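Asker: My questions all concern the structure below.
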Amino acid sequence: MDDSLQSDAAWAADIFRGSLVRLTAPRPDDAEILARWSEDAGYRRRMDTDAARPLPPQHFQDRDEEPEPGVFEFRVRTLQDERLVGFTAVFGIEWPNRHGWFSMGIGDPEDRGHGYGEEALRLTLRFAFHELGLHRVSLDVIAPNRPALELYRKVGFQEEGRLRERLLRGGGAFDLLYMGLLARDWESKSAPARAEPS
């Protein structure tokens with residue numbers, strides 16, 4: 001394939017769609033689902049360092065209607081039935097340094113372990129590096145969240161720091177890990193698995 005055809009194919013590729021899920025904008029009925037997920041203390045504790053608490057639909061509705069500048073948040077929906085299963089976000093971007101933070105969550109426990117999170121993560125990283133032109137993406141993760149740690153390592157994130165006993169949960173003290181991924185490392189690790197343009 002010559003260079004012009006390759007660039008045409010890359011230009012026309014659907015960067016928001018994988019084989020299992022796609023990244024979409026928020027929709028009005030998402031707020032009810034997100035509020036229901038917030039009632040799961042385990043989900044909230046894995047997602048955030050703040051105290052876990054249920055949030056009303058209005059909280060999510062307001063956030064969707066007036067998103068913070070520089071926050072690129074996506075909803076993760078299954079291709080099979082357009083069902084909302086999670087979210088991803090790139091935020092806190094420092095444009096001069098081409099650096100941003102990443103966050104994600106798969107809300108319903110029954111939707112975890114099916115590859116939705118991994119594909120959503122890969123799609124969002126492709127967006128961060130190819131569309132936003134970031135050089136580096138960072139995240140933090142609570143040490144006991146082993147499935148998240150394994151996934152982040154699988155796509156190339158490296159542990160870069162650890163705050164010992166940063167979180168107090170249920171009478172225990174847990175470390176908070178900082179992880180980072182450079183664009184070149186992601187490219188080299190994901191090149192064979194990258195979806196072909198359609």
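Residues in the structure tokens are numbered from 1 in each chain, the chains being A, B, ... in the order shown, and ligands are numbered from 1 in the order shown.
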What lies within 12 Å of Arg153 of chain A using only C-alpha atoms, ignoring chain neighbours under 6 positions off, as a PyMOL selection string?
Answerer: chain A and resi 118+121+139+141+146-147+159-160+178-181+185-186+189
Asker: Set the distance at 9 Å and use only C-alpha atoms: which residues neighbour Asp30 of chain A once local chain neighbours fewer than 2 positions away are removed? I'd like the list as number ranges by chain.
Answerer: A: 26-28, 32-35, 57, 60-61, 75, 84
Asker: Mind listing the strand (DSSP E) residues of segment 15-179 of chain A, per DSSP on the backbone, as a ChimeraX atom specification?
Answerer: /A:21-24,72-78,84-94,99-106,136-142,158-169,172-179
Asker: Here is a test: counting only C-alpha atoms, which residue of A:Ala31, A:Met47, A:Val21, A:Ile93 is nearest to Gly133 of chain A?
Answerer: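 Closest to Gly133 of chain A, using only C-alpha atoms: A:Ile93.
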Asker: Just asking: which residues within segment 35-172 of chain A are alpha helix (DSSP H) according to DSSP, as a count of residues only?
Answerer: 41
Asker: Find the residues near Arg53 of chain A: any atom within 12 Å, counting only C-alpha atoms, skip ones fewer than 3 places away on the same chain, and give them as a PyMOL selection string.
Answerer: chain A and resi 35-45+47-50+56
Asker: Which is closer to Ser19 of chain A than all the others in A:Ala173, A:Ile106, A:Leu123, A:Leu151, using only C-alpha atoms?
Answerer: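 The shortest atom-to-atom distance to Ser19 of chain A comes from A:Leu123.
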Asker: Quick check, in Å to one decimal: how far apart do atom CA of Asp14 of chain A and atom CA of Phe157 of chain A lie?
Answerer: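 Straight-line distance from atom CA of Asp14 of chain A to atom CA of Phe157 of chain A works out to 24.5 Å.
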